[in-house]
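Just below is one structure, and these are the notes that go with it.
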Amino acid sequence: MVPWRGILYKDVILYLILLVMSLVSINYACKIPGFPRLYHLIPDGEITCIKINRTDPHENLAIRIVGGSETPLIHIIIQHIYRDGVIARDGRLLPGDMILKVNGMDIKNVPHHYALSILKQPCHVLRLTVLREQRYRCRSSGLSLDAHCSRDDSFHVILNKSSPDEQLGIKLVRRADEPGVFIFNLLDGGVAARDGQLQENDRVLAINGHDHRYGSPESAAQLIQASERHVHFVVSRQTRQQPPDILQETGWSYSSSPQPCPAERTNASKSSLHTVTCHEKVVAVRKDHTESLGMTVAGGATNREWDLPIYVISVEPGGVISRDSRIKTGDILLNVNGIDLTGVSRNEAVALLKNTSSSVVLKALEMRTCDGRERREAAENSEWSPSWVTWLGLPRYLYSCKEIVLRRNTAGSLGFSIVGGYEEHTGNKPFFIKSIVGGTPAYNDGRIRCGDILLAVNGRNTSGMMHTCLARMLKELKGKITLTIVSWPGTFL
């Protein structure tokens, strides 16, 4: 029997509350055995700096990442965390967290491969600036307006929408040290950026006559979205810049502004689907009937939770394939001697490749990046695997789509946010899953990941749809909702 005597009633109540909270907490980590449960140390909606020590400066972080400026995700996002790795042992980060800086180097709006080069740099102490999207209401701040800085006199800005659904391209945030709402960044090419009057760090004092000095990003978003054509802002501008690590962010917008950057960070607006080109080739080789082809393949159906094409991960020096030199590491094998390899498991593919006579005909797809980086890395690294942006460049017939059925019988959220879609100034882009909220149908299903592409909803193709249209459709659907999704593994670090 539990010795309750001497325990205060309020202590018992507090214990029960904490127990219930631990059972229903948003816990991606519970899916990774042995994961230290320290994720609560990173608050939702606040840019946070963490320091991670590693004995071996070259040790992999053991995570997969998605995103980059060449995709609608813009930011670099953690897709998966492997148990026993550096990040898992630290215990504070979760899938869905955005990495904004690495050892002081800004990667908020950089191409995927540039972010990889920064994250792969060896170091004993890794300092990451991260942001976990706000899933609940923002915390309020009681600090005064003039706690840390002075601001110039207010001024007026009127932005004009071409249609009621048009987005202004503004990211609004709450600060930890001042009340009210602030402009975090402006989407390049968006309404606000084209107008040129608003700047990052401006404080929004009023919207369409509504006092917003102590408002929230959510209420600001509602006022902006309710405007048919004109949005009238009253804003004030700070006279000196504040450090960026004191922001509380809301997830209603997903834009990010470009930063001054090295040469590798240029062409950020270029679509990732255009950075990779595919070239089909047919290669016939001859070998002794006792001789192997001399290559190792990976991928296949149900490959570590991803259904992937069969691809070459290494070529044995001096072997049949190496002597011919036309099949290279990174090539995707489509068929062998006329037998289709798409949709087969790795074991089935290996058996088919071994069961060949002296004459072997391989049909393959060569993936070429604009700068040839993937090909060089594949040749130099025995543990190489394709990057996430390489998978995005595959032709549609190699997509292994999955249908996920979610059920919503109430007005609650399905539990994921999307970015992408058709925009007048940027054209048509795929819809990507950006974040997943714990305790929702999408989270409980367990198969949807950050970086997944949403191809269809209830059989309706999403290609060419505007973001506002798809968001509204997802919000209004009830009952059984079928999502058609393709999922590619994030780049391993």
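Following the order of the structure tokens, chains are lettered A, B, ..., residues in each are numbered from 1, and ligands are numbered from 1.
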Quiz item: Leaving out Glu366 of chain A and any residue of its chain fewer than 2 positions from it, which residues lie within 6 Å of it when counting only C-alpha atoms, given as number ranges by chain?
Solution: A: 278-279, 331
Quiz item: Looking only at the backbone, which of the residues in segment 283-403 of chain A does DSSP tag as strand (DSSP E), as a ChimeraX atom specification?
Solution: /A:283-286,295-303,306-315,332-336,339-340,359-369,402-403
Output N, CA and C atoms for every residue in the selection just made, as a CSV table (one decimal), in the first residue's frame.
```csv
chain,number,residue,atom,x,y,z
A,283,VAL,N,24.0,-0.4,-71.2
A,283,VAL,CA,25.4,-0.9,-71.1
A,283,VAL,C,25.4,-2.4,-71.3
A,284,ALA,N,26.1,-2.9,-72.3
A,284,ALA,CA,26.3,-4.4,-72.4
A,284,ALA,C,27.8,-4.7,-72.1
A,285,VAL,N,27.9,-5.7,-71.2
A,285,VAL,CA,29.3,-6.2,-70.8
A,285,VAL,C,29.3,-7.7,-70.9
A,286,ARG,N,30.5,-8.2,-71.1
A,286,ARG,CA,30.7,-9.6,-71.1
A,286,ARG,C,31.7,-10.0,-70.0
A,295,MET,N,30.3,-5.0,-58.4
A,295,MET,CA,29.7,-3.7,-57.9
A,295,MET,C,28.7,-4.1,-56.7
A,296,THR,N,28.5,-3.1,-55.9
A,296,THR,CA,27.6,-3.3,-54.8
A,296,THR,C,26.4,-2.4,-54.9
A,297,VAL,N,25.2,-2.9,-54.6
A,297,VAL,CA,24.0,-2.1,-54.8
A,297,VAL,C,23.3,-1.9,-53.5
A,298,ALA,N,22.5,-0.9,-53.4
A,298,ALA,CA,21.7,-0.6,-52.2
A,298,ALA,C,20.3,-0.2,-52.7
A,299,GLY,N,19.4,0.2,-51.7
A,299,GLY,CA,18.1,0.6,-52.0
A,299,GLY,C,17.1,-0.6,-52.1
A,300,GLY,N,16.1,-0.5,-52.9
A,300,GLY,CA,15.1,-1.5,-53.0
A,300,GLY,C,13.9,-1.2,-52.2
A,301,ALA,N,12.8,-2.0,-52.4
A,301,ALA,CA,11.6,-1.8,-51.7
A,301,ALA,C,11.8,-2.1,-50.2
A,302,THR,N,11.1,-1.4,-49.3
A,302,THR,CA,11.2,-1.5,-47.9
A,302,THR,C,12.6,-1.5,-47.4
A,303,ASN,N,13.4,-0.5,-48.0
A,303,ASN,CA,14.8,-0.3,-47.6
A,303,ASN,C,14.8,0.7,-46.4
A,306,TRP,N,12.2,3.3,-46.3
A,306,TRP,CA,12.0,4.0,-47.6
A,306,TRP,C,12.0,3.0,-48.7
A,307,ASP,N,11.0,3.2,-49.7
A,307,ASP,CA,11.0,2.4,-50.9
A,307,ASP,C,11.8,3.1,-51.9
A,308,LEU,N,13.0,2.6,-52.3
A,308,LEU,CA,14.0,3.3,-53.1
A,308,LEU,C,14.3,2.5,-54.4
A,309,PRO,N,14.7,3.1,-55.4
A,309,PRO,CA,15.2,2.4,-56.6
A,309,PRO,C,16.5,1.7,-56.2
A,310,ILE,N,16.9,0.7,-57.0
A,310,ILE,CA,18.2,0.0,-56.8
A,310,ILE,C,19.3,0.9,-57.4
A,311,TYR,N,20.3,1.2,-56.6
A,311,TYR,CA,21.4,2.1,-57.0
A,311,TYR,C,22.7,1.5,-56.7
A,312,VAL,N,23.7,1.9,-57.4
A,312,VAL,CA,25.1,1.4,-57.2
A,312,VAL,C,25.8,2.3,-56.1
A,313,ILE,N,26.3,1.6,-55.1
A,313,ILE,CA,27.0,2.4,-54.0
A,313,ILE,C,28.5,2.2,-54.1
A,314,SER,N,29.0,1.2,-54.8
A,314,SER,CA,30.5,1.1,-55.0
A,314,SER,C,30.8,0.2,-56.2
A,315,VAL,N,31.9,0.4,-56.8
A,315,VAL,CA,32.4,-0.4,-58.0
A,315,VAL,C,33.7,-0.9,-57.6
A,332,ILE,N,21.4,4.5,-61.1
A,332,ILE,CA,20.2,3.8,-60.7
A,332,ILE,C,20.0,2.7,-61.7
A,333,LEU,N,19.9,1.4,-61.3
A,333,LEU,CA,19.7,0.3,-62.2
A,333,LEU,C,18.2,0.1,-62.5
A,334,LEU,N,17.8,0.2,-63.7
A,334,LEU,CA,16.4,0.0,-64.1
A,334,LEU,C,16.0,-1.4,-64.4
A,335,ASN,N,16.9,-2.1,-65.2
A,335,ASN,CA,16.7,-3.5,-65.5
A,335,ASN,C,18.0,-4.2,-65.8
A,336,VAL,N,18.0,-5.5,-65.7
A,336,VAL,CA,19.1,-6.4,-66.1
A,336,VAL,C,18.6,-7.4,-67.0
A,339,ILE,N,14.9,-7.7,-67.4
A,339,ILE,CA,14.1,-7.9,-66.2
A,339,ILE,C,14.0,-6.6,-65.4
A,340,ASP,N,12.8,-6.1,-65.1
A,340,ASP,CA,12.6,-4.9,-64.4
A,340,ASP,C,13.1,-4.9,-63.0
A,359,SER,N,26.9,-12.8,-71.0
A,359,SER,CA,26.5,-11.5,-71.6
A,359,SER,C,25.5,-10.8,-70.7
A,360,VAL,N,25.7,-9.6,-70.3
A,360,VAL,CA,24.9,-8.9,-69.4
A,360,VAL,C,24.5,-7.5,-70.0
A,361,VAL,N,23.2,-7.2,-70.0
A,361,VAL,CA,22.8,-5.9,-70.5
A,361,VAL,C,22.1,-5.2,-69.4
A,362,LEU,N,22.6,-4.0,-69.1
A,362,LEU,CA,22.1,-3.2,-67.9
A,362,LEU,C,21.5,-1.9,-68.5
A,363,LYS,N,20.3,-1.6,-68.1
A,363,LYS,CA,19.7,-0.3,-68.3
A,363,LYS,C,19.8,0.5,-67.1
A,364,ALA,N,20.4,1.7,-67.1
A,364,ALA,CA,20.7,2.5,-65.9
A,364,ALA,C,20.3,3.9,-66.2
A,365,LEU,N,20.1,4.6,-65.0
A,365,LEU,CA,19.8,6.0,-65.1
A,365,LEU,C,20.9,6.8,-64.4
A,366,GLU,N,21.6,7.6,-65.1
A,366,GLU,CA,22.7,8.4,-64.5
A,366,GLU,C,22.2,9.7,-64.0
A,367,MET,N,22.4,10.0,-62.7
A,367,MET,CA,22.0,11.3,-62.1
A,367,MET,C,23.2,12.2,-62.1
A,368,ARG,N,23.0,13.4,-62.8
A,368,ARG,CA,24.0,14.4,-62.9
A,368,ARG,C,23.6,15.6,-62.2
A,369,THR,N,24.5,16.1,-61.3
A,369,THR,CA,24.3,17.4,-60.6
A,369,THR,C,25.0,18.5,-61.5
A,402,LYS,N,2.9,6.2,-51.5
A,402,LYS,CA,2.1,5.5,-50.5
A,402,LYS,C,0.9,6.3,-50.2
A,403,GLU,N,-0.2,5.6,-49.9
A,403,GLU,CA,-1.4,6.3,-49.6
A,403,GLU,C,-1.6,6.1,-48.1
```
Quiz prompt | Residues near segment 211-213 of chain A, cut-off 8 Å, only C-alpha atoms, skip fewer than 6 positions along chain, as a list in words | solution = Pro179, Gly180, Val181, Val204, Leu205 and Ala220 of chain A
With N, CA, C and O atoms retained, write the just-selected residues as a short mmCIF file (atom, residue, chain, number, x, y, z; two decimals), in the first residue's frame.
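File produced: result-v8.cif:
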```cif
data_model
loop_
_atom_site.label_atom_id
_atom_site.label_comp_id
_atom_site.auth_asym_id
_atom_site.auth_seq_id
_atom_site.Cartn_x
_atom_site.Cartn_y
_atom_site.Cartn_z
N PRO A 179 7.06 43.35 -25.83
CA PRO A 179 5.72 42.92 -26.22
C PRO A 179 5.49 43.23 -27.70
O PRO A 179 6.20 44.03 -28.31
N GLY A 180 4.48 42.61 -28.26
CA GLY A 180 4.09 42.92 -29.63
C GLY A 180 4.64 41.94 -30.65
O GLY A 180 5.14 40.87 -30.32
N VAL A 181 4.56 42.38 -31.91
CA VAL A 181 4.89 41.52 -33.05
C VAL A 181 5.96 42.21 -33.89
O VAL A 181 5.92 43.43 -34.09
N VAL A 204 5.37 45.95 -35.44
CA VAL A 204 4.03 46.26 -35.96
C VAL A 204 3.20 46.84 -34.82
O VAL A 204 2.92 46.15 -33.83
N LEU A 205 2.80 48.09 -34.98
CA LEU A 205 2.01 48.77 -33.94
C LEU A 205 0.51 48.66 -34.18
O LEU A 205 -0.27 48.61 -33.23
N ALA A 220 -2.26 38.86 -35.68
CA ALA A 220 -1.80 39.66 -36.82
C ALA A 220 -2.09 38.94 -38.13
O ALA A 220 -2.56 39.55 -39.10
#
```
Quiz prompt | Coordinates-based distance that separates atom CA of Val102 of chain A from atom CA of Leu116 of chain A (Å, one decimal) | solution =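 Distance between the two atoms: 10.4 Å.
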Practice problem: Tell me, as a PyMOL selection string, which residues lie within 10 Å of Arg54 of chain A, counting only C-alpha atoms; anything in the same chain fewer than 2 positions away does not count. | Solution: chain A and resi 52+56-61+86-87+90+122-126
